[in-house]
Each structure stands twice: as C-alpha cells, then as structure tokens.
$ cat entry_20.txt   # compact mmCIF, C-alpha atoms and all ligand atoms
# COMPACT_ATOMS: atom_id res chain seq x y z
CA PRO A 303 114.78 100.94 122.05
CA ARG A 304 112.07 102.53 124.13
CA ARG A 305 109.88 103.99 121.39
CA VAL A 306 109.45 102.51 117.92
CA GLY A 307 107.44 103.84 114.95
CA ILE A 308 105.75 101.68 112.35
CA LEU A 309 104.26 102.47 108.95
CA THR A 310 102.85 100.74 105.88
CA GLY A 311 103.89 102.22 102.50
CA GLY A 312 102.86 101.63 98.88
CA GLY A 313 99.97 99.47 97.68
CA ASP A 314 98.33 97.29 100.30
CA SER A 315 98.99 93.57 100.50
CA PRO A 316 97.14 90.90 102.51
CA GLY A 317 99.09 90.34 105.74
CA LEU A 318 99.96 93.97 106.52
CA ASN A 319 97.87 93.86 109.68
CA ALA A 320 99.43 90.56 110.69
CA VAL A 321 102.86 92.24 110.49
CA ILE A 322 101.68 95.32 112.42
CA ARG A 323 100.29 93.02 115.11
CA ALA A 324 103.44 90.90 115.33
CA VAL A 325 105.82 93.88 115.48
CA THR A 326 103.67 95.64 118.08
CA LYS A 327 103.05 92.63 120.30
CA SER A 328 106.63 91.51 120.16
CA LEU A 329 108.03 94.95 120.98
CA ILE A 330 105.58 95.53 123.82
CA LEU A 331 105.54 92.04 125.35
CA ASP A 332 109.16 90.98 124.87
CA ARG A 333 110.97 94.29 125.00
CA GLY A 334 108.70 96.59 127.00
CA ALA A 335 108.81 99.21 124.23
CA GLU A 336 106.14 101.69 123.16
CA VAL A 337 104.89 101.57 119.57
CA VAL A 338 103.60 104.47 117.48
CA GLY A 339 101.85 103.99 114.12
CA PHE A 340 102.13 106.58 111.33
CA VAL A 341 98.87 107.22 109.48
CA ASP A 342 98.87 106.63 105.70
CA GLY A 343 102.53 105.66 105.39
CA PHE A 344 105.13 108.36 104.90
CA ALA A 345 102.32 110.94 104.58
CA GLY A 346 101.81 110.59 108.34
CA MET A 347 105.46 111.33 108.98
CA VAL A 348 105.23 114.55 106.97
CA GLU A 349 101.74 115.61 108.09
CA LYS A 350 102.43 114.72 111.73
CA GLN A 351 99.69 112.13 111.86
CA SER A 352 100.40 109.25 114.18
CA ARG A 353 98.82 107.27 116.97
CA PRO A 354 100.07 105.06 119.76
CA LEU A 355 99.49 101.35 119.19
CA SER A 356 98.58 99.31 122.25
CA LEU A 357 98.08 95.56 122.59
CA ARG A 358 94.39 96.26 122.45
CA ASP A 359 94.71 98.18 119.14
CA VAL A 360 96.28 95.18 117.43
CA SER A 361 94.03 92.56 118.96
CA GLY A 362 91.87 90.76 116.40
CA ILE A 363 93.58 92.20 113.30
CA LEU A 364 95.62 89.13 112.31
CA THR A 365 93.06 88.02 109.75
CA LEU A 366 92.03 91.46 108.49
CA GLY A 367 92.90 92.55 104.94
CA GLY A 368 94.25 96.03 104.21
CA THR A 369 96.11 98.03 106.86
CA ILE A 370 94.62 99.59 109.99
CA LEU A 371 97.19 102.38 109.64
CA GLY A 372 96.27 103.34 106.08
CA THR A 373 98.83 103.65 103.29
CA SER A 374 99.77 105.83 100.36
CA ASN A 375 101.80 105.04 97.28
CA LYS A 376 102.40 108.68 96.45
CA ALA A 377 103.77 110.10 99.70
CA ASN A 378 107.57 110.50 99.55
CA PRO A 379 109.16 112.93 102.04
CA PHE A 380 112.01 113.54 99.57
CA ALA A 381 109.60 114.69 96.81
CA TYR A 382 106.33 115.32 98.60
CA HIS A 383 103.38 115.24 96.20
CA LEU A 384 101.20 117.62 98.25
CA ARG A 385 103.89 120.34 98.36
CA GLY A 386 104.96 120.62 94.73
CA ASN A 387 107.31 117.63 95.05
CA ALA A 388 109.50 119.55 97.53
CA ASP A 389 112.00 117.75 99.74
CA VAL A 390 110.36 117.92 103.19
CA SER A 391 112.39 115.08 104.67
CA ALA A 392 113.97 117.33 107.31
CA GLU A 393 110.49 118.00 108.74
CA ALA A 394 109.67 114.30 108.71
CA VAL A 395 112.92 113.46 110.49
CA ARG A 396 112.32 116.19 113.08
CA TYR A 397 108.81 114.91 113.77
CA ALA A 398 109.85 111.27 114.11
CA ARG A 399 113.07 111.79 116.04
CA ASP A 400 112.55 114.97 118.07
CA GLU A 401 108.80 115.25 118.59
CA LEU A 402 107.82 111.61 118.81
CA ARG A 403 111.26 110.67 120.23
CA LEU A 404 111.36 107.46 118.22
CA ASP A 405 114.48 105.32 118.46
CA ALA A 406 113.67 103.47 115.23
CA VAL A 407 110.99 103.08 112.56
CA VAL A 408 109.79 99.82 110.98
CA ALA A 409 108.71 100.40 107.35
CA ILE A 410 106.58 97.69 105.75
CA GLY A 411 106.63 98.05 101.98
CA GLY A 412 108.02 97.24 98.56
CA ASP A 413 110.96 98.54 96.53
CA GLY A 414 109.72 102.16 96.58
CA THR A 415 109.20 102.12 100.36
CA MET A 416 112.65 100.55 100.85
CA SER A 417 114.21 103.28 98.74
CA ILE A 418 112.65 105.97 100.98
CA ALA A 419 113.58 103.97 104.10
CA HIS A 420 117.19 103.86 102.91
CA ARG A 421 117.29 107.64 102.48
CA LEU A 422 115.64 108.23 105.86
CA GLN A 423 118.24 105.97 107.46
CA GLN A 424 120.93 108.15 105.88
CA ALA A 425 119.07 111.22 107.15
CA GLY A 426 119.34 109.95 110.71
CA ILE A 427 116.33 107.70 111.43
CA PRO A 428 117.30 104.11 112.28
CA MET A 429 115.12 101.99 109.95
CA VAL A 430 114.12 98.34 109.66
CA GLY A 431 112.25 97.09 106.57
CA VAL A 432 109.68 94.33 106.08
CA PRO A 433 109.17 93.09 102.49
CA LYS A 434 105.60 93.46 101.27
CA THR A 435 104.10 93.12 97.82
CA ILE A 436 101.66 90.80 96.12
CA ASP A 437 104.06 90.95 93.13
CA ASN A 438 106.79 88.93 94.96
CA ASP A 439 109.43 90.92 93.10
CA LEU A 440 111.67 92.23 95.90
CA MET A 441 115.38 91.46 95.65
CA TYR A 442 117.10 89.05 98.04
CA THR A 443 113.98 87.51 99.53
CA ASP A 444 112.39 84.36 98.15
CA ARG A 445 108.96 85.52 99.24
CA THR A 446 107.02 88.62 100.18
CA PHE A 447 103.79 88.31 102.14
CA GLY A 448 100.58 88.85 100.17
CA PHE A 449 101.88 86.93 97.16
CA ASP A 450 100.40 83.62 98.31
CA THR A 451 97.00 85.26 98.79
CA ALA A 452 97.08 86.91 95.35
CA VAL A 453 98.05 83.58 93.78
CA ALA A 454 95.24 81.79 95.63
CA ILE A 455 92.66 84.30 94.37
CA ALA A 456 93.98 84.14 90.80
CA THR A 457 94.03 80.34 90.94
CA GLU A 458 90.42 80.23 92.04
CA ALA A 459 89.57 82.51 89.12
CA ILE A 460 91.29 80.12 86.70
CA ASP A 461 89.38 77.17 88.20
CA ARG A 462 86.11 78.99 87.68
CA LEU A 463 87.03 80.07 84.16
CA HIS A 464 87.87 76.46 83.30
CA THR A 465 84.31 75.19 83.71
CA THR A 466 82.76 77.97 81.65
CA ALA A 467 85.53 77.68 79.02
CA GLN A 468 84.83 73.95 78.68
CA SER A 469 81.08 74.44 78.41
CA HIS A 470 81.34 77.04 75.65
CA HIS A 471 84.48 75.72 73.91
CA ARG A 472 86.10 79.11 74.34
CA VAL A 473 89.51 80.60 74.80
CA MET A 474 89.49 82.29 78.20
CA ILE A 475 92.08 84.89 79.15
CA LEU A 476 92.75 85.83 82.76
CA GLU A 477 94.87 88.92 83.44
CA THR A 478 96.68 89.02 86.79
CA MET A 479 98.54 91.85 88.49
CA GLY A 480 102.31 91.81 89.09
CA ARG A 481 103.49 95.06 87.52
CA TYR A 482 106.84 94.36 85.78
CA ALA A 483 107.07 90.78 87.07
CA GLY A 484 105.31 87.57 86.11
CA TRP A 485 105.35 85.76 89.46
CA ILE A 486 101.59 85.86 90.12
CA ALA A 487 100.71 84.74 86.58
CA LEU A 488 103.35 81.99 86.69
CA TYR A 489 102.31 80.50 90.05
CA ALA A 490 98.54 80.88 89.48
CA GLY A 491 98.96 79.53 85.96
CA VAL A 492 100.72 76.42 87.25
CA ALA A 493 98.33 76.01 90.19
CA GLY A 494 95.28 76.38 87.95
CA GLY A 495 96.69 74.34 85.05
CA ALA A 496 96.58 77.19 82.51
CA ASP A 497 97.52 76.06 79.00
CA VAL A 498 99.37 79.28 78.22
CA ILE A 499 101.18 81.58 80.67
CA LEU A 500 102.37 84.95 79.40
CA ILE A 501 104.78 86.96 81.56
CA PRO A 502 106.65 90.26 81.05
CA GLU A 503 110.00 88.48 81.19
CA MET A 504 109.34 86.70 77.86
CA GLU A 505 107.77 88.66 74.99
CA TYR A 506 105.05 86.49 73.52
CA ASP A 507 104.65 85.55 69.87
CA ILE A 508 100.92 85.85 69.14
CA GLU A 509 101.23 83.33 66.31
CA GLU A 510 102.57 80.79 68.80
CA VAL A 511 99.71 81.48 71.25
CA ALA A 512 97.18 81.10 68.43
CA ARG A 513 98.89 77.88 67.33
CA VAL A 514 98.50 76.38 70.83
CA CYS A 515 94.79 77.27 70.89
CA ARG A 516 94.23 75.76 67.44
CA ALA A 517 96.20 72.61 68.26
CA ARG A 518 94.09 72.04 71.36
CA GLU A 519 90.88 72.53 69.39
CA GLN A 520 92.05 70.12 66.69
CA GLY A 521 93.18 67.60 69.31
CA GLY A 522 89.67 67.54 70.81
CA GLN A 523 90.31 69.79 73.81
CA ARG A 524 88.01 72.49 72.66
CA TYR A 525 88.98 75.19 75.14
CA THR A 526 92.14 77.01 76.20
CA LEU A 527 93.01 78.85 79.40
CA VAL A 528 95.49 81.71 79.02
CA CYS A 529 96.90 83.37 82.15
CA VAL A 530 98.56 86.68 81.31
CA ALA A 531 100.47 89.02 83.63
CA GLU A 532 99.45 92.68 83.32
CA GLY A 533 103.02 93.59 82.29
CA ALA A 534 103.27 91.01 79.49
CA LYS A 535 104.03 92.30 75.98
CA PRO A 536 103.89 90.86 72.49
CA ILE A 537 107.07 90.70 70.43
CA GLY A 538 107.56 94.25 69.22
CA GLY A 539 106.52 95.66 72.60
CA GLN A 540 104.70 98.99 72.72
CA HIS A 541 104.88 99.37 68.97
CA ALA A 542 102.99 96.10 68.47
CA ILE A 543 100.43 97.10 71.10
CA ARG A 544 99.86 100.46 69.35
CA GLN A 545 99.22 98.54 66.14
CA VAL A 546 96.56 96.42 67.85
CA VAL A 547 94.94 99.57 69.24
CA ALA A 548 94.99 101.20 65.78
CA ASP A 549 93.34 98.10 64.26
CA SER A 550 90.68 97.89 66.94
CA PRO A 551 87.08 98.69 66.01
CA ASP A 552 86.58 99.75 69.65
CA PRO A 553 89.91 100.81 71.23
CA LEU A 554 88.23 101.86 74.48
CA ARG A 555 87.15 98.28 75.04
CA LEU A 556 90.73 96.99 74.97
CA GLY A 557 91.79 98.21 78.45
CA GLY A 558 94.92 96.27 79.38
CA ILE A 559 96.93 93.47 77.88
CA CYS A 560 94.03 90.99 78.22
CA GLY A 561 92.04 93.17 75.81
CA VAL A 562 94.95 93.37 73.38
CA LEU A 563 95.34 89.62 73.52
CA GLU A 564 91.60 89.06 73.13
CA GLN A 565 91.63 91.09 69.93
CA GLN A 566 94.79 89.45 68.61
CA LEU A 567 93.34 85.96 69.16
CA THR A 568 89.86 86.83 67.89
CA GLN A 569 91.45 87.91 64.59
CA ARG A 570 93.27 84.58 64.31
CA LEU A 571 90.86 81.94 65.65
CA THR A 572 87.42 80.64 64.87
CA SER A 573 86.78 79.95 68.57
CA GLU A 574 85.23 82.66 70.71
CA VAL A 575 87.60 84.49 73.02
CA ARG A 576 86.73 86.14 76.34
CA ARG A 577 88.85 87.97 78.88
CA THR A 578 88.72 88.70 82.61
CA MET A 579 90.81 91.29 84.42
CA LEU A 580 91.14 90.39 88.08
CA GLY A 581 92.54 93.71 89.30
CA HIS A 582 92.50 94.75 92.95
CA VAL A 583 90.45 91.72 94.00
CA GLN A 584 93.90 90.09 94.24
CA ARG A 585 94.94 92.54 96.94
CA GLY A 586 91.82 92.64 99.09
CA GLY A 587 90.55 90.52 101.93
CA THR A 588 92.03 88.14 104.42
CA PRO A 589 95.56 86.71 103.97
CA THR A 590 95.76 82.97 103.22
CA HIS A 591 95.56 80.57 106.09
CA ALA A 592 98.10 79.66 106.89
CA PHE A 593 100.92 80.71 104.53
CA ASP A 594 100.66 84.51 104.42
CA ARG A 595 99.50 84.72 108.03
CA THR A 596 102.45 82.74 109.31
CA LEU A 597 104.93 84.47 106.99
CA ALA A 598 103.70 87.94 107.98
CA THR A 599 103.79 87.03 111.68
CA ALA A 600 107.31 85.59 111.38
CA PHE A 601 108.47 88.67 109.42
CA GLY A 602 107.00 91.00 112.05
CA ALA A 603 108.56 89.14 114.96
CA TYR A 604 111.92 89.09 113.16
CA ALA A 605 111.68 92.83 112.44
CA ALA A 606 111.09 93.47 116.15
CA ALA A 607 114.18 91.37 116.94
CA LEU A 608 116.28 93.40 114.46
CA VAL A 609 115.09 96.60 116.17
CA ALA A 610 115.87 95.16 119.60
CA ASP A 611 119.38 94.16 118.44
CA GLY A 612 120.01 97.59 116.92
CA GLN A 613 120.44 96.07 113.45
CA TYR A 614 119.30 99.09 111.48
CA GLY A 615 119.32 99.66 107.74
CA ARG A 616 118.26 96.03 107.32
CA MET A 617 115.22 94.43 105.70
CA VAL A 618 113.80 91.10 106.85
CA ALA A 619 114.12 88.40 104.19
CA THR A 620 113.52 84.70 103.73
CA GLN A 621 116.15 82.73 101.85
CA GLY A 622 116.04 78.95 101.41
CA GLY A 623 113.38 78.64 104.11
CA ARG A 624 115.34 80.60 106.73
CA LEU A 625 114.67 84.07 108.07
CA THR A 626 117.53 86.49 107.64
CA SER A 627 118.10 90.15 106.84
CA VAL A 628 119.62 92.06 103.93
CA ALA A 629 120.75 95.66 103.53
CA ILE A 630 117.82 97.94 102.67
CA ALA A 631 120.20 99.78 100.33
CA ASP A 632 120.56 96.64 98.21
CA VAL A 633 116.80 96.25 97.79
CA ALA A 634 115.84 99.88 97.13
CA ASN A 635 114.31 100.54 93.70
CA ARG A 636 115.17 97.15 92.25
CA GLN A 637 113.05 94.26 91.01
CA ARG A 638 113.49 90.52 91.08
CA LEU A 639 112.10 89.15 87.85
CA VAL A 640 111.27 85.61 86.75
CA SER A 641 114.25 84.03 85.01
CA SER A 642 113.76 81.40 82.32
CA ASP A 643 115.57 78.82 84.48
CA ALA A 644 113.27 79.34 87.49
CA PRO A 645 112.06 75.98 88.92
CA MET A 646 108.41 76.93 88.41
CA VAL A 647 109.06 77.72 84.73
CA ALA A 648 110.59 74.25 84.38
CA ALA A 649 107.56 72.71 86.11
CA ALA A 650 105.19 74.55 83.80
CA LEU A 651 107.12 73.41 80.72
CA ALA A 652 107.23 69.84 82.02
CA VAL A 653 103.43 69.67 82.05
CA GLY A 654 103.19 71.08 78.54
CA THR A 655 102.37 74.72 79.33
CA SER A 656 103.26 77.22 76.64
CA PHE A 657 104.88 80.58 77.39
CA GLY A 658 103.91 81.87 73.97
CA VAL A 659 107.48 81.60 72.70
CA LYS A 660 109.00 78.85 70.57
CA ASP A 661 112.00 78.18 72.85
CA VAL A 662 112.15 79.17 76.51
O1 LIG B 701 102.52 96.44 93.35
C1 LIG B 701 101.27 95.93 93.63
C2 LIG B 701 100.30 96.27 92.53
O2 LIG B 701 99.03 95.70 92.84
C3 LIG B 701 100.73 95.83 91.12
O3 LIG B 701 100.54 94.45 90.92
C4 LIG B 701 99.90 96.73 90.26
O4 LIG B 701 100.53 96.96 89.02
C5 LIG B 701 99.84 98.00 91.06
O5 LIG B 701 100.14 97.67 92.39
C6 LIG B 701 98.52 98.70 91.00
O6 LIG B 701 98.65 99.90 91.66
P1 LIG B 701 97.43 100.81 92.10
O7 LIG B 701 96.84 100.19 93.34
O8 LIG B 701 98.04 102.13 92.35
O9 LIG B 701 96.42 100.80 90.99

$ encode --input "entry_20.txt" --output "structure tokens"
Amino acid sequence: PRRVGILTGGGDSPGLNAVIRAVTKSLILDRGAEVVGFVDGFAGMVEKQSRPLSLRDVSGILTLGGTILGTSNKANPFAYHLRGNADVSAEAVRYARDELRLDAVVAIGGDGTMSIAHRLQQAGIPMVGVPKTIDNDLMYTDRTFGFDTAVAIATEAIDRLHTTAQSHHRVMILETMGRYAGWIALYAGVAGGADVILIPEMEYDIEEVARVCRAREQGGQRYTLVCVAEGAKPIGGQHAIRQVVADSPDPLRLGGICGVLEQQLTQRLTSEVRRTMLGHVQRGGTPTHAFDRTLATAFGAYAAALVADGQYGRMVATQGGRLTSVAIADVANRQRLVSSDAPMVAAALAVGTSFGVKDV
C-alpha cells in the first residue's frame, strides 16, 4: 500500500497516540508508505478533514494522553448525526478512496467503531482495526489498550479512600467506568483490596452488601471499601433503582449507581457512608508505563503489518499473550462481559471479597 489513512473513533483511551505513532512510523520507515490522519474520527471522513502525518508529526506523542487526531463518538457515516442521520457513506468512501487515494484505513476504536469499519470494508474501503477501550470489553481480545491505565487510576483512588475510610470508620464507595462491563471495577477492586466489588454481570443484593459492612464493623474492622462499576444494578434492576429514587429526600444528589448505593446503605447502616465517582479521570492523561505503552505500540506495529500484508477486514487482537488478528465482523457491536468463572473473580473470592450476592 502506498497511502494509508488512520483515524481514532469513539471515546478516547490512554495509548491512542502511541498507536498512531507506531502505525505511522512503521508504515513510513518499514514500508515507505504515506500516512494520512482523519480529523475527529469518522467525522473527518465525511467532512473531508484530514492531514498528512509525517515522522515529525508523531515524534514525542508516545506518552501523551488523548488523541492528536481528535475523536467523536457520534459521527457515523451510515447515520450521520449532523445531516439528520442520513446515510452519507458514499461520500465518505469517495473522499477516502478517490480524493485521498487511500489503499487502506486503520480504525482505532471499540465495538461501535468496528461496526462502522466493517460496513466501510463492505462499501469498498480496505480496513484494519485496532482494539481500544478502557472498558476492556471487546470480543476475541484478552486486552484493549487503555484498560491498564484506567485500572491504575481507579486502584490509586481506592488506596486513597482506604486511609480516609479507616480514619473515619466509614463505608466508602468508589464508582468506576466500564459501561455494561465490570472489568475495571473487578481489576481495580482486586488491586486495591476492596471488600465488596459490584459489577453489572451480577445483580447485587443490597441486604448482602449491608451484611458485609456490618460484619466487618462487628469484627473490629470498622470501615468497608466498595468498588462499584457504573453499570452495576441491584436485584430488581431499573425498577429497584426507581424505588430508591422515589424514596430519596434529594433525588438530584443521587447521580449514578454510587449515589443509589450510598442511599441504600445509609438507610441500613449506622456507619456513615460516602461515595466518589471517578468519571473521565480514568480516561485522561498518560498511558501506564510500561503496560499500555508497550501494548499500544505492539498493536500499532501489528496493524501496520496487517496493512502491508493486505489482510483487510481484520482487527488486531491479543490472545494468550500472543498477537493475532480476528475478523472485524465478529467484533462489531458485541461486548465481552465478565463471567462468574473468570480467574480474577476466583482470585477476588479467594481473598474474601464479596460480590454482593450470596453465591457466585
Ligand atoms: O467506553 C468508554 C467509556 O468511558 C465508558 O466507560 C463510559 O460509560 C463512557 O465511555 C462514557 O462516555 P462519554 O465520554 O460519552 O461520557
């Protein structure tokens, strides 16, 4: 391939720039190709916003958070948000293939980006995918880059909450991101030694969570650390959450599952309960040294090799410690959730962590 496009789609994830750098350097240095970056993900393909990427452009960005290209989690050429959700994919294809004369496009993104990449491949643009999301929930890859960084930030938060929880004999709740998956809460919870980990994959029984807090108090450990994934739900799901909102003296204060949980526990315990929502802090800043930086660099170099070999319609993946590729079509619009027999769930249970359910 002589000319290759690259874009970052969906929410940002620490390591995006490391991938952009690796893809660009590898294509230019090893293959003598030219690289063009689309601005703001698929929006750039529709709006004809792109810029050439030289070795100089990607120099010094390995450690930078965010993405130098910009991203958008709304822009979809097949239902374009700025044109009444019209299908403008033909324009995007024309721009990429005919105007920019690209031989292939590398799309760095999550399940939504892979779904668009799959359709663009069908529409005639050779695509290669790179798996990105702090949520770690993409199918057929053991890891996505950005996850390790998010876990490190959440773990540090748990460490810090521990000392204040101990001092005040409080129940402290930390809410992590992760959307429909509990990977961040699970790994940070284990790394930070949380007493309770609540994930979307297992509906929690509030009575069980309260029992754990009380048992710790009675046993002389007068504090409890609860790590809850943003997607976690009590038994009864939305209905139960609506009930908590209806019972709340100040529903506006609830804001997220950590607020729901705070109210549920406050009603049941004598200890004071406090909550912290970590939010986008988990997505900002430099990728971890060295895990996410090395993973992102290896992913980028592998993506460049797939392009060079003409292996299109494939997404880079890591399975059992080896780099490989999987069909983008198989990854599109799907999620890999935590299963109750996951090794990290077993590790958590082995050290006495509760998942807020009687039997896992
Ligand atoms: O998918 C990454 C993620 O950070 C999720 O963990 C979270 O639910 C979502 O994106 C937040 O999206 P936004 O940045 O649009 O608020």

$ closest_residue --input "entry_20.txt" --among "A:Val453, A:Ala648, A:Ala605, A:Ala592" --to "ligand LIG 701 (chain B)" --atoms "all atoms listed in the file"
A:Val453

$ axis_aligned_box --input "entry_20.txt" --around "ligand LIG 701 (chain B)" --padding-each-side "5 Å" --output "JSON"
{"center_x": 99.5, "center_y": 98.3, "center_z": 91.3, "size_x": 16.1, "size_y": 17.7, "size_z": 14.6}

$ residues_near_ligand --input "entry_20.txt" --ligand "ligand LIG 701 (chain B)" --cutoff "10 Å" --atoms "all atoms listed in the file" --output "PDB file with C-alpha atoms, in the coordinates of the input"
ATOM      1  CA  GLY A 312     102.860 101.630  98.880  1.00  0.00           C
ATOM      2  CA  GLY A 313      99.970  99.470  97.680  1.00  0.00           C
ATOM      3  CA  ASP A 314      98.330  97.290 100.300  1.00  0.00           C
ATOM      4  CA  SER A 315      98.990  93.570 100.500  1.00  0.00           C
ATOM      5  CA  SER A 374      99.770 105.830 100.360  1.00  0.00           C
ATOM      6  CA  ASN A 375     101.800 105.040  97.280  1.00  0.00           C
ATOM      7  CA  LYS A 376     102.400 108.680  96.450  1.00  0.00           C
ATOM      8  CA  GLY A 411     106.630  98.050 101.980  1.00  0.00           C
ATOM      9  CA  GLY A 412     108.020  97.240  98.560  1.00  0.00           C
ATOM     10  CA  ASP A 413     110.960  98.540  96.530  1.00  0.00           C
ATOM     11  CA  GLY A 414     109.720 102.160  96.580  1.00  0.00           C
ATOM     12  CA  LYS A 434     105.600  93.460 101.270  1.00  0.00           C
ATOM     13  CA  THR A 435     104.100  93.120  97.820  1.00  0.00           C
ATOM     14  CA  ILE A 436     101.660  90.800  96.120  1.00  0.00           C
ATOM     15  CA  ASP A 437     104.060  90.950  93.130  1.00  0.00           C
ATOM     16  CA  ASN A 438     106.790  88.930  94.960  1.00  0.00           C
ATOM     17  CA  ASP A 439     109.430  90.920  93.100  1.00  0.00           C
ATOM     18  CA  GLY A 448     100.580  88.850 100.170  1.00  0.00           C
ATOM     19  CA  PHE A 449     101.880  86.930  97.160  1.00  0.00           C
ATOM     20  CA  ALA A 452      97.080  86.910  95.350  1.00  0.00           C
ATOM     21  CA  THR A 478      96.680  89.020  86.790  1.00  0.00           C
ATOM     22  CA  MET A 479      98.540  91.850  88.490  1.00  0.00           C
ATOM     23  CA  GLY A 480     102.310  91.810  89.090  1.00  0.00           C
ATOM     24  CA  ARG A 481     103.490  95.060  87.520  1.00  0.00           C
ATOM     25  CA  TYR A 482     106.840  94.360  85.780  1.00  0.00           C
ATOM     26  CA  ALA A 483     107.070  90.780  87.070  1.00  0.00           C
ATOM     27  CA  GLY A 484     105.310  87.570  86.110  1.00  0.00           C
ATOM     28  CA  ILE A 486     101.590  85.860  90.120  1.00  0.00           C
ATOM     29  CA  ALA A 531     100.470  89.020  83.630  1.00  0.00           C
ATOM     30  CA  GLU A 532      99.450  92.680  83.320  1.00  0.00           C
ATOM     31  CA  GLY A 533     103.020  93.590  82.290  1.00  0.00           C
ATOM     32  CA  GLY A 581      92.540  93.710  89.300  1.00  0.00           C
ATOM     33  CA  HIS A 582      92.500  94.750  92.950  1.00  0.00           C
ATOM     34  CA  VAL A 583      90.450  91.720  94.000  1.00  0.00           C
ATOM     35  CA  GLN A 584      93.900  90.090  94.240  1.00  0.00           C
ATOM     36  CA  ARG A 585      94.940  92.540  96.940  1.00  0.00           C
TER      37      ARG A 585
END

$ closest_residue --input "entry_20.txt" --among "A:Ile418, A:Leu371, A:Leu357, A:Ala459" --to "Ala394 (chain A)" --atoms "all atoms listed in the file"
A:Ile418

$ closest_residue --input "entry_20.txt" --among "A:Val546, A:Met504, A:Leu571, A:Ala629" --to "Tyr525 (chain A)" --atoms "only C-alpha atoms"
A:Leu571

$ atom_distance --input "entry_20.txt" --atom1 "CA of Val473 (chain A)" --atom2 "CA of Ile501 (chain A)"
17.9 Å

$ residues_near_point --input "entry_20.txt" --point "(97.2, 104.9, 105.6)" --cutoff "7 Å" --atoms "only C-alpha atoms" --output "PyMOL selection string"
chain A and resi 341-343+371-374

$ residues_near_point --input "entry_20.txt" --point "(112.9, 100.7, 119.5)" --cutoff "9 Å" --atoms "all atoms listed in the file" --output "MDAnalysis selection string"
chainID A and resid 303:307 329 333 335:337 404:407 606 609:610 612

$ atom_distance --input "entry_20.txt" --atom1 "CA of Pro428 (chain A)" --atom2 "CA of Thr626 (chain A)"
18.2 Å

$ atom_distance --input "entry_20.txt" --atom1 "CA of Thr620 (chain A)" --atom2 "CA of Ala600 (chain A)"
9.9 Å

$ residues_around --input "entry_20.txt" --residues "Pro536 (chain A)" --least-positions-apart "6" --cutoff "12 Å" --atoms "all atoms listed in the file" --output "PDB file with C-alpha atoms, in the coordinates of the input"
ATOM      1  CA  LEU A 500     102.370  84.950  79.400  1.00  0.00           C
ATOM      2  CA  ILE A 501     104.780  86.960  81.560  1.00  0.00           C
ATOM      3  CA  PRO A 502     106.650  90.260  81.050  1.00  0.00           C
ATOM      4  CA  GLU A 503     110.000  88.480  81.190  1.00  0.00           C
ATOM      5  CA  MET A 504     109.340  86.700  77.860  1.00  0.00           C
ATOM      6  CA  GLU A 505     107.770  88.660  74.990  1.00  0.00           C
ATOM      7  CA  TYR A 506     105.050  86.490  73.520  1.00  0.00           C
ATOM      8  CA  ASP A 507     104.650  85.550  69.870  1.00  0.00           C
ATOM      9  CA  ILE A 508     100.920  85.850  69.140  1.00  0.00           C
ATOM     10  CA  GLU A 509     101.230  83.330  66.310  1.00  0.00           C
ATOM     11  CA  GLU A 510     102.570  80.790  68.800  1.00  0.00           C
ATOM     12  CA  VAL A 511      99.710  81.480  71.250  1.00  0.00           C
ATOM     13  CA  VAL A 530      98.560  86.680  81.310  1.00  0.00           C
ATOM     14  CA  ALA A 542     102.990  96.100  68.470  1.00  0.00           C
ATOM     15  CA  ILE A 543     100.430  97.100  71.100  1.00  0.00           C
ATOM     16  CA  ARG A 544      99.860 100.460  69.350  1.00  0.00           C
ATOM     17  CA  GLN A 545      99.220  98.540  66.140  1.00  0.00           C
ATOM     18  CA  VAL A 546      96.560  96.420  67.850  1.00  0.00           C
ATOM     19  CA  ILE A 559      96.930  93.470  77.880  1.00  0.00           C
ATOM     20  CA  CYS A 560      94.030  90.990  78.220  1.00  0.00           C
ATOM     21  CA  VAL A 562      94.950  93.370  73.380  1.00  0.00           C
ATOM     22  CA  LEU A 563      95.340  89.620  73.520  1.00  0.00           C
ATOM     23  CA  GLN A 566      94.790  89.450  68.610  1.00  0.00           C
ATOM     24  CA  PHE A 657     104.880  80.580  77.390  1.00  0.00           C
ATOM     25  CA  GLY A 658     103.910  81.870  73.970  1.00  0.00           C
ATOM     26  CA  VAL A 659     107.480  81.600  72.700  1.00  0.00           C
TER      27      VAL A 659
END

$ closest_residue --input "entry_20.txt" --among "A:Leu364, A:Asp450, A:Ser328, A:Val408" --to "Phe340 (chain A)" --atoms "only C-alpha atoms"
A:Val408

$ closest_residue --input "entry_20.txt" --among "A:Leu488, A:Cys515, A:Ala548, A:Leu625" --to "Leu639 (chain A)" --atoms "all atoms listed in the file"
A:Leu488

$ closest_residue --input "entry_20.txt" --among "A:Arg555, A:Lys535, A:Arg624, A:Arg595" --to "Ile363 (chain A)" --atoms "all atoms listed in the file"
A:Arg595

$ residues_around --input "entry_20.txt" --residues "Glu564 (chain A)" --least-positions-apart "2" --cutoff "8 Å" --atoms "only C-alpha atoms" --output "ChimeraX atom specification"
/A:475,560-562,566-568,575-577

$ residues_around --input "entry_20.txt" --residues "Asp632 (chain A)" --least-positions-apart "4" --cutoff "9 Å" --atoms "all atoms listed in the file" --output "ChimeraX atom specification"
/A:441-442,628,636
